[in-house]
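File shown here: target.pdb, holding PDB, C-alpha atoms and all ligand atoms.
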MODEL        1
ATOM      1  CA  MET Y   1       1.977-158.990  -9.439  1.00  0.00           C
ATOM      2  CA  ASN Y   2       4.867-161.432  -9.715  1.00  0.00           C
ATOM      3  CA  LEU Y   3       7.253-158.765 -10.969  1.00  0.00           C
ATOM      4  CA  PRO Y   4      10.992-158.844 -10.368  1.00  0.00           C
ATOM      5  CA  GLU Y   5      11.751-156.802  -7.241  1.00  0.00           C
ATOM      6  CA  GLU Y   6      13.652-154.189  -9.256  1.00  0.00           C
ATOM      7  CA  PHE Y   7      11.078-153.791 -12.037  1.00  0.00           C
ATOM      8  CA  PHE Y   8      10.260-150.155 -11.209  1.00  0.00           C
ATOM      9  CA  LEU Y   9      13.814-148.964 -10.509  1.00  0.00           C
ATOM     10  CA  PRO Y  10      14.850-147.971 -14.053  1.00  0.00           C
ATOM     11  CA  TYR Y  11      11.643-145.948 -14.370  1.00  0.00           C
ATOM     12  CA  HIS Y  12      12.604-143.890 -11.321  1.00  0.00           C
ATOM     13  CA  SER Y  13      16.342-143.474 -11.913  1.00  0.00           C
ATOM     14  CA  GLN Y  14      16.154-139.661 -12.202  1.00  0.00           C
ATOM     15  CA  SER Y  15      14.617-139.234  -8.729  1.00  0.00           C
ATOM     16  CA  ASP Y  16      12.040-136.783 -10.043  1.00  0.00           C
ATOM     17  CA  ASN Y  17      10.376-136.915  -6.635  1.00  0.00           C
ATOM     18  CA  GLN Y  18       8.926-134.208  -4.461  1.00  0.00           C
ATOM     19  CA  LEU Y  19       9.007-133.802  -0.697  1.00  0.00           C
ATOM     20  CA  ARG Y  20       6.495-131.352   0.773  1.00  0.00           C
ATOM     21  CA  LEU Y  21       6.442-130.028   4.310  1.00  0.00           C
ATOM     22  CA  LEU Y  22       2.819-129.291   5.159  1.00  0.00           C
ATOM     23  CA  HIS Y  23       1.608-127.171   8.052  1.00  0.00           C
ATOM     24  CA  TYR Y  24      -2.119-126.827   8.653  1.00  0.00           C
ATOM     25  CA  PRO Y  25      -2.588-123.961  11.092  1.00  0.00           C
ATOM     26  CA  PRO Y  26      -5.106-124.213  13.920  1.00  0.00           C
ATOM     27  CA  THR Y  27      -8.509-123.322  12.477  1.00  0.00           C
ATOM     28  CA  SER Y  28     -11.922-122.494  13.865  1.00  0.00           C
ATOM     29  CA  GLN Y  29     -14.082-125.665  13.801  1.00  0.00           C
ATOM     30  CA  GLN Y  30     -17.001-123.457  12.838  1.00  0.00           C
ATOM     31  CA  ASP Y  31     -15.207-122.230   9.696  1.00  0.00           C
ATOM     32  CA  LEU Y  32     -14.223-125.806   8.796  1.00  0.00           C
ATOM     33  CA  LYS Y  33     -17.803-126.984   9.255  1.00  0.00           C
ATOM     34  CA  GLU Y  34     -19.249-124.108   7.225  1.00  0.00           C
ATOM     35  CA  GLY Y  35     -16.754-124.765   4.437  1.00  0.00           C
ATOM     36  CA  LYS Y  36     -15.110-121.350   4.894  1.00  0.00           C
ATOM     37  CA  THR Y  37     -11.810-123.166   5.217  1.00  0.00           C
ATOM     38  CA  GLU Y  38     -10.741-126.644   4.265  1.00  0.00           C
ATOM     39  CA  ARG Y  39      -7.700-128.736   4.973  1.00  0.00           C
ATOM     40  CA  ILE Y  40      -7.412-130.922   1.831  1.00  0.00           C
ATOM     41  CA  GLY Y  41     -10.461-132.042  -0.123  1.00  0.00           C
ATOM     42  CA  ALA Y  42     -10.765-135.590  -1.489  1.00  0.00           C
ATOM     43  CA  HIS Y  43      -8.186-136.288  -4.188  1.00  0.00           C
ATOM     44  CA  SER Y  44      -5.800-138.951  -5.380  1.00  0.00           C
ATOM     45  CA  ASP Y  45      -2.111-138.294  -5.957  1.00  0.00           C
ATOM     46  CA  PHE Y  46      -0.813-138.222  -9.548  1.00  0.00           C
ATOM     47  CA  GLY Y  47       2.389-140.209  -9.442  1.00  0.00           C
ATOM     48  CA  THR Y  48       3.564-143.740  -8.705  1.00  0.00           C
ATOM     49  CA  ILE Y  49       3.234-143.894  -4.921  1.00  0.00           C
ATOM     50  CA  THR Y  50       3.219-141.398  -2.058  1.00  0.00           C
ATOM     51  CA  MET Y  51       4.884-142.114   1.271  1.00  0.00           C
ATOM     52  CA  LEU Y  52       3.255-139.987   3.948  1.00  0.00           C
ATOM     53  CA  LEU Y  53       4.519-139.200   7.414  1.00  0.00           C
ATOM     54  CA  GLN Y  54       1.928-137.589   9.660  1.00  0.00           C
ATOM     55  CA  ASP Y  55       1.804-136.372  13.231  1.00  0.00           C
ATOM     56  CA  SER Y  56      -0.792-137.482  15.769  1.00  0.00           C
ATOM     57  CA  CYS Y  57      -3.215-134.606  15.052  1.00  0.00           C
ATOM     58  CA  GLY Y  58      -5.699-136.755  13.102  1.00  0.00           C
ATOM     59  CA  GLY Y  59      -7.987-135.839  10.217  1.00  0.00           C
ATOM     60  CA  LEU Y  60      -6.523-137.988   7.412  1.00  0.00           C
ATOM     61  CA  GLN Y  61      -9.151-140.256   5.860  1.00  0.00           C
ATOM     62  CA  VAL Y  62      -9.052-142.693   2.933  1.00  0.00           C
ATOM     63  CA  GLU Y  63     -11.933-143.919   0.836  1.00  0.00           C
ATOM     64  CA  CYS Y  64     -12.557-147.584   1.464  1.00  0.00           C
ATOM     65  CA  PRO Y  65     -13.269-149.399  -0.740  1.00  0.00           C
ATOM     66  CA  ARG Y  66     -12.549-147.237  -3.782  1.00  0.00           C
ATOM     67  CA  GLY Y  67     -15.648-145.615  -5.257  1.00  0.00           C
ATOM     68  CA  SER Y  68     -17.814-146.294  -2.193  1.00  0.00           C
ATOM     69  CA  GLY Y  69     -17.828-142.714  -0.928  1.00  0.00           C
ATOM     70  CA  ILE Y  70     -17.128-144.143   2.533  1.00  0.00           C
ATOM     71  CA  PHE Y  71     -14.104-142.585   4.201  1.00  0.00           C
ATOM     72  CA  VAL Y  72     -12.309-144.178   7.124  1.00  0.00           C
ATOM     73  CA  ASP Y  73      -9.736-142.631   9.428  1.00  0.00           C
ATOM     74  CA  ALA Y  74      -6.102-143.365   8.712  1.00  0.00           C
ATOM     75  CA  PRO Y  75      -4.690-142.555  12.138  1.00  0.00           C
ATOM     76  CA  CYS Y  76      -1.038-142.012  12.898  1.00  0.00           C
ATOM     77  CA  ILE Y  77       0.695-145.273  13.816  1.00  0.00           C
ATOM     78  CA  PRO Y  78       4.007-144.275  15.406  1.00  0.00           C
ATOM     79  CA  GLY Y  79       6.987-145.382  13.345  1.00  0.00           C
ATOM     80  CA  SER Y  80       4.908-146.108  10.245  1.00  0.00           C
ATOM     81  CA  LEU Y  81       4.251-144.462   6.888  1.00  0.00           C
ATOM     82  CA  VAL Y  82       0.988-144.254   4.964  1.00  0.00           C
ATOM     83  CA  ILE Y  83       1.573-145.526   1.405  1.00  0.00           C
ATOM     84  CA  ASN Y  84      -0.860-144.291  -1.236  1.00  0.00           C
ATOM     85  CA  THR Y  85      -1.006-145.752  -4.732  1.00  0.00           C
ATOM     86  CA  GLY Y  86      -0.954-142.902  -7.265  1.00  0.00           C
ATOM     87  CA  ASP Y  87      -2.955-142.488 -10.474  1.00  0.00           C
ATOM     88  CA  LEU Y  88      -0.027-143.190 -12.775  1.00  0.00           C
ATOM     89  CA  LEU Y  89       0.604-146.539 -11.074  1.00  0.00           C
ATOM     90  CA  MET Y  90      -3.080-147.357 -11.404  1.00  0.00           C
ATOM     91  CA  ARG Y  91      -2.919-146.667 -15.143  1.00  0.00           C
ATOM     92  CA  TRP Y  92       0.397-148.525 -15.414  1.00  0.00           C
ATOM     93  CA  SER Y  93      -1.152-151.601 -13.748  1.00  0.00           C
ATOM     94  CA  ASN Y  94      -4.092-151.503 -16.170  1.00  0.00           C
ATOM     95  CA  ASP Y  95      -6.266-150.553 -13.144  1.00  0.00           C
ATOM     96  CA  GLN Y  96      -5.307-153.666 -11.141  1.00  0.00           C
ATOM     97  CA  LEU Y  97      -3.897-151.411  -8.410  1.00  0.00           C
ATOM     98  CA  LYS Y  98      -6.313-148.711  -7.289  1.00  0.00           C
ATOM     99  CA  SER Y  99      -5.189-145.185  -6.492  1.00  0.00           C
ATOM    100  CA  THR Y 100      -6.372-144.045  -3.088  1.00  0.00           C
ATOM    101  CA  LEU Y 101      -8.884-141.234  -2.725  1.00  0.00           C
ATOM    102  CA  HIS Y 102      -7.959-139.399   0.472  1.00  0.00           C
ATOM    103  CA  ARG Y 103      -8.661-136.137   2.287  1.00  0.00           C
ATOM    104  CA  VAL Y 104      -7.761-134.240   5.413  1.00  0.00           C
ATOM    105  CA  CYS Y 105     -10.819-133.115   7.319  1.00  0.00           C
ATOM    106  CA  ALA Y 106     -11.550-131.417  10.610  1.00  0.00           C
ATOM    107  CA  PRO Y 107      -9.286-132.863  13.284  1.00  0.00           C
ATOM    108  CA  PRO Y 108     -10.228-133.103  16.960  1.00  0.00           C
ATOM    109  CA  VAL Y 109     -10.681-129.885  18.901  1.00  0.00           C
ATOM    110  CA  ASP Y 110      -7.752-128.570  20.895  1.00  0.00           C
ATOM    111  CA  HIS Y 111      -9.506-127.966  24.221  1.00  0.00           C
ATOM    112  CA  ASP Y 112      -6.635-125.961  25.683  1.00  0.00           C
ATOM    113  CA  ALA Y 113      -6.630-123.534  22.753  1.00  0.00           C
ATOM    114  CA  SER Y 114     -10.437-123.317  22.777  1.00  0.00           C
ATOM    115  CA  LYS Y 115     -10.597-122.620  26.524  1.00  0.00           C
ATOM    116  CA  GLY Y 116     -13.794-124.643  26.817  1.00  0.00           C
ATOM    117  CA  SER Y 117     -15.990-122.266  24.849  1.00  0.00           C
ATOM    118  CA  GLN Y 118     -18.342-123.962  22.361  1.00  0.00           C
ATOM    119  CA  ASP Y 119     -18.307-120.943  19.997  1.00  0.00           C
ATOM    120  CA  ASN Y 120     -14.567-120.813  19.905  1.00  0.00           C
ATOM    121  CA  CYS Y 121     -13.552-124.398  19.113  1.00  0.00           C
ATOM    122  CA  ILE Y 122     -10.100-124.380  17.608  1.00  0.00           C
ATOM    123  CA  SER Y 123      -8.752-127.423  15.808  1.00  0.00           C
ATOM    124  CA  LYS Y 124      -5.296-128.724  16.463  1.00  0.00           C
ATOM    125  CA  VAL Y 125      -2.347-127.801  14.277  1.00  0.00           C
ATOM    126  CA  ARG Y 126      -1.316-130.562  11.838  1.00  0.00           C
ATOM    127  CA  TYR Y 127       2.050-131.300  10.293  1.00  0.00           C
ATOM    128  CA  SER Y 128       2.603-133.875   7.573  1.00  0.00           C
ATOM    129  CA  VAL Y 129       5.363-134.776   5.146  1.00  0.00           C
ATOM    130  CA  PRO Y 130       4.288-136.411   1.890  1.00  0.00           C
ATOM    131  CA  PHE Y 131       7.019-137.767  -0.393  1.00  0.00           C
ATOM    132  CA  PHE Y 132       5.643-138.052  -3.927  1.00  0.00           C
ATOM    133  CA  ILE Y 133       7.490-140.663  -5.977  1.00  0.00           C
ATOM    134  CA  GLN Y 134       7.257-139.947  -9.668  1.00  0.00           C
ATOM    135  CA  ALA Y 135       8.535-141.796 -12.723  1.00  0.00           C
ATOM    136  CA  ASN Y 136      11.175-140.237 -14.976  1.00  0.00           C
ATOM    137  CA  PRO Y 137       9.400-137.794 -17.319  1.00  0.00           C
ATOM    138  CA  SER Y 138      11.000-139.607 -20.274  1.00  0.00           C
ATOM    139  CA  SER Y 139       9.760-143.057 -19.209  1.00  0.00           C
ATOM    140  CA  LEU Y 140       7.144-144.553 -21.467  1.00  0.00           C
ATOM    141  CA  ILE Y 141       4.371-145.969 -19.293  1.00  0.00           C
ATOM    142  CA  GLU Y 142       2.426-148.854 -20.751  1.00  0.00           C
ATOM    143  CA  ALA Y 143       0.486-151.690 -19.142  1.00  0.00           C
ATOM    144  CA  ILE Y 144       2.801-153.817 -16.986  1.00  0.00           C
ATOM    145  CA  PRO Y 145       3.321-157.341 -18.344  1.00  0.00           C
ATOM    146  CA  GLY Y 146       0.852-159.714 -16.736  1.00  0.00           C
ATOM    147  CA  THR Y 147      -1.859-157.051 -16.245  1.00  0.00           C
ATOM    148  CA  PHE Y 148      -3.517-157.696 -19.600  1.00  0.00           C
ATOM    149  CA  ASP Y 149      -4.447-160.610 -21.802  1.00  0.00           C
ATOM    150  CA  ARG Y 150      -6.998-161.473 -24.457  1.00  0.00           C
ATOM    151  CA  ASN Y 151      -9.841-161.253 -21.934  1.00  0.00           C
ATOM    152  CA  HIS Y 152      -8.483-158.158 -20.175  1.00  0.00           C
ATOM    153  CA  PRO Y 153      -7.205-155.854 -22.887  1.00  0.00           C
ATOM    154  CA  LYS Y 154      -5.028-152.823 -22.248  1.00  0.00           C
ATOM    155  CA  LYS Y 155      -7.246-149.934 -21.159  1.00  0.00           C
ATOM    156  CA  TYR Y 156      -4.855-147.083 -21.924  1.00  0.00           C
ATOM    157  CA  GLU Y 157      -2.516-145.919 -24.656  1.00  0.00           C
ATOM    158  CA  PRO Y 158       1.169-145.745 -23.734  1.00  0.00           C
ATOM    159  CA  ILE Y 159       2.118-142.297 -22.416  1.00  0.00           C
ATOM    160  CA  TYR Y 160       5.317-140.583 -21.305  1.00  0.00           C
ATOM    161  CA  ALA Y 161       5.235-140.036 -17.553  1.00  0.00           C
ATOM    162  CA  GLY Y 162       6.081-136.346 -18.089  1.00  0.00           C
ATOM    163  CA  ASP Y 163       3.145-135.875 -20.461  1.00  0.00           C
ATOM    164  CA  TYR Y 164       0.827-137.614 -18.018  1.00  0.00           C
ATOM    165  CA  ILE Y 165       1.841-135.386 -15.101  1.00  0.00           C
ATOM    166  CA  ASP Y 166       1.559-132.246 -17.320  1.00  0.00           C
ATOM    167  CA  MET Y 167      -1.902-133.335 -18.404  1.00  0.00           C
ATOM    168  CA  ARG Y 168      -3.003-133.787 -14.782  1.00  0.00           C
ATOM    169  CA  MET Y 169      -1.454-130.492 -13.660  1.00  0.00           C
ATOM    170  CA  ASN Y 170      -3.116-128.610 -16.511  1.00  0.00           C
ATOM    171  CA  SER Y 171      -6.521-130.015 -15.707  1.00  0.00           C
ATOM    172  CA  THR Y 172      -6.117-129.227 -11.995  1.00  0.00           C
ATOM    173  CA  TYR Y 173      -4.619-125.725 -11.963  1.00  0.00           C
TER     174      TYR Y 173
HETATM  175  O1  LIG Y 201      -1.530-133.836   4.985  1.00  0.00           O
HETATM  176  C1  LIG Y 201      -1.780-134.994   4.693  1.00  0.00           C
HETATM  177  O2  LIG Y 201      -1.730-135.885   5.505  1.00  0.00           O
HETATM  178  C2  LIG Y 201      -2.145-135.378   3.275  1.00  0.00           C
HETATM  179  C3  LIG Y 201      -1.474-134.553   2.240  1.00  0.00           C
HETATM  180  C4  LIG Y 201      -1.861-134.958   0.854  1.00  0.00           C
HETATM  181  O3  LIG Y 201      -2.699-135.788   0.656  1.00  0.00           O
HETATM  182  C5  LIG Y 201      -1.199-134.341  -0.299  1.00  0.00           C
HETATM  183  O4  LIG Y 201      -0.428-133.386  -0.113  1.00  0.00           O
HETATM  184  O5  LIG Y 201      -1.423-134.819  -1.442  1.00  0.00           O
HETATM  185 FE    FE Y 202      -2.574-136.485  -1.357  1.00  0.00          FE
ENDMDL
END
Give the structure from the file, written as C-alpha cells.
Amino acid sequence: MNLPEEFFLPYHSQSDNQLRLLHYPPTSQQDLKEGKTERIGAHSDFGTITMLLQDSCGGLQVECPRGSGIFVDAPCIPGSLVINTGDLLMRWSNDQLKSTLHRVCAPPVDHDASKGSQDNCISKVRYSVPFFIQANPSSLIEAIPGTFDRNHPKKYEPIYAGDYIDMRMNSTY
C-alpha cells in the first residue's frame, strides 16, 4: 500500500489489545457432526489484525478466496503465527484488504481417547492464543490515503474505532 512503515503506530498507541487463552475440550465427534456442539463457527475478527498461535490439533480453516464459501485448512506451522486481517482494517483500507472469514471445525479423532470404538470417537483437545490488535477507541478511522480516488470513491463514513467496535459487539451479543 506504499505507506510509511509506522503509519499505523499512532492509531494503536493505547494498546487496547486483547489476548485470549482458548481451550477447546475433547468433544464427541458425533455431537460435533450433529451440531450439538461447535468449536467456533465462521466469523471474521472485528479489529485491525489478529495474531494467532495454535497448537498442532488442527481444525482451523480460512475461507479462500473471500466470499467463495470454500474453506481450506490453516494447519499449524511450528514457529509461525496466523495473521488475520480484521473488519476494521478492511473498512480502513476502503476494502482493498479483505478480512478473513475463519472457523474452527471438527479436528482429527484422538484414537487413544476413543479406544478404537466408532461410536465413541473423541476429538483432540485444542489450545490456541489469539491476540486481537485493536485501534485506540478515540482514533478516527477513515479511508487510508491511496485507497481511494475519483474512480474508487470512499465507501464508508469516518468512524471512531471505539464506536465501530461497540456497534459490532452490540450486533453480535
Ligand atoms: O481457536 C482458534 O484457532 C481461532 C480463534 C478465533 O478465531 C477467535 O477467537 O476469534
Ligand atoms: Fe477469530
Picked residues, the PyMOL selection byres (((chain Y and resi 18-32) around 7) and not hetatm), as a list of chain:residue names: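 On this input, the PyMOL selection byres (((chain Y and resi 18-32) around 7) and not hetatm) captures Y:Asp16, Y:Asn17, Y:Lys33, Y:Glu34, Y:Gly35, Y:Lys36, Y:Thr37, Y:Glu38, Y:Arg39, Y:Ala106, Y:Asn120, Y:Cys121, Y:Ile122, Y:Ser123, Y:Lys124, Y:Val125, Y:Arg126, Y:Tyr127, Y:Ser128, Y:Val129, Y:Pro130, Y:Phe131, Y:Phe132, Y:Ile133.
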Residues within 6 Å of Ala143 in chain Y, only C-alpha atoms, excluding chain neighbours under 5 positions, as a PyMOL selection string: chain Y and resi 92-94
Using all atoms listed in the file: which of Y:Ala113, Y:Val72, Y:Asp45, Y:Pro145 has the shortest distance to Phe7 in chain Y: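 The answer is Y:Pro145, which sits nearest to Phe7 in chain Y.
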Contact residues around range 156-170 of chain Y with only C-alpha atoms at 8 Å, ignoring same-chain residues under 5 positions, as an MDAnalysis selection string: chainID Y and resid 46:47 88 91 94 135:143
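Between CA of Asp55 in chain Y and atom C5 of ligand LIG 201 (chain Y) the separation is 14.0 Å.
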Please give me, as a PDB file with C-alpha atoms, in the coordinates of the input, the residues lying within 9 Å of ligand FE 202 (chain Y) when counting only C-alpha atoms and all ligand atoms.
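This went into part25.pdb:
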ATOM      1  CA  ILE Y  40      -7.412-130.922   1.831  1.00  0.00           C
ATOM      2  CA  ALA Y  42     -10.765-135.590  -1.489  1.00  0.00           C
ATOM      3  CA  HIS Y  43      -8.186-136.288  -4.188  1.00  0.00           C
ATOM      4  CA  SER Y  44      -5.800-138.951  -5.380  1.00  0.00           C
ATOM      5  CA  ASP Y  45      -2.111-138.294  -5.957  1.00  0.00           C
ATOM      6  CA  PHE Y  46      -0.813-138.222  -9.548  1.00  0.00           C
ATOM      7  CA  THR Y  50       3.219-141.398  -2.058  1.00  0.00           C
ATOM      8  CA  LEU Y  52       3.255-139.987   3.948  1.00  0.00           C
ATOM      9  CA  ASN Y  84      -0.860-144.291  -1.236  1.00  0.00           C
ATOM     10  CA  GLY Y  86      -0.954-142.902  -7.265  1.00  0.00           C
ATOM     11  CA  THR Y 100      -6.372-144.045  -3.088  1.00  0.00           C
ATOM     12  CA  LEU Y 101      -8.884-141.234  -2.725  1.00  0.00           C
ATOM     13  CA  HIS Y 102      -7.959-139.399   0.472  1.00  0.00           C
ATOM     14  CA  ARG Y 103      -8.661-136.137   2.287  1.00  0.00           C
ATOM     15  CA  VAL Y 104      -7.761-134.240   5.413  1.00  0.00           C
ATOM     16  CA  PRO Y 130       4.288-136.411   1.890  1.00  0.00           C
ATOM     17  CA  PHE Y 132       5.643-138.052  -3.927  1.00  0.00           C
TER      18      PHE Y 132
END
Between CA of Ser68 in chain Y and CA of Gly41 in chain Y, distance in Å (one decimal):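 CA of Ser68 in chain Y sits 16.2 Å away from CA of Gly41 in chain Y.
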Gap from CA of Ser13 in chain Y to atom C3 of ligand LIG 201 (chain Y) - Å, one decimal: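 Answer for the CA of Ser13 in chain Y to atom C3 of ligand LIG 201 (chain Y) separation: 24.4 Å.
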Using only C-alpha atoms and all ligand atoms: which of Y:Pro10, Y:Gly59, Y:Pro4, Y:Gly79 has the shortest distance to ligand LIG 201 (chain Y): Y:Gly59
Residue nearest ligand LIG 201 (chain Y) among Y:Gln61, Y:Gln96, Y:Thr172, Y:Asn151 (counting all atoms listed in the file): Y:Gln61
Selected residue of minimal separation from ligand LIG 201 (chain Y) among Y:Leu97, Y:Ile70, Y:Leu89, Y:Ile49, counting all atoms listed in the file: Y:Ile49
Expected answer as a short mmCIF file (atom, residue, chain, number, x, y, z; two decimals) with C-alpha atoms, keeping the file's coordinate frame: all residues with atoms within 6 Å of (-7.7, -141.0, 12.6), all atoms listed in the file:
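Final output, result-v6.cif:
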data_model
loop_
_atom_site.label_atom_id
_atom_site.label_comp_id
_atom_site.auth_asym_id
_atom_site.auth_seq_id
_atom_site.Cartn_x
_atom_site.Cartn_y
_atom_site.Cartn_z
CA GLY Y 58 -5.70 -136.76 13.10
CA GLY Y 59 -7.99 -135.84 10.22
CA ASP Y 73 -9.74 -142.63 9.43
CA ALA Y 74 -6.10 -143.36 8.71
CA PRO Y 75 -4.69 -142.56 12.14
#
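The residue that comes closest to Leu81 in chain Y, out of Y:Thr147, Y:Leu3, Y:Asp112, Y:Gln54 and on the basis of all atoms listed in the file, is Y:Gln54.
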Each side padded by 8 Å, which centre and which edge lengths in Å (one decimal) define the axis-aligned box around the listed atoms of ligand LIG 201 (chain Y)? Give them as JSON.
{"center_x": -1.6, "center_y": -134.6, "center_z": 2.0, "size_x": 18.3, "size_y": 18.5, "size_z": 22.9}
Counting all atoms listed in the file, the residue of Y:Met1, Y:Cys105, Y:Ile77, Y:Met90 that sits nearest ligand LIG 201 (chain Y):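 Residue with the minimum atom-to-atom distance to ligand LIG 201 (chain Y): Y:Cys105.
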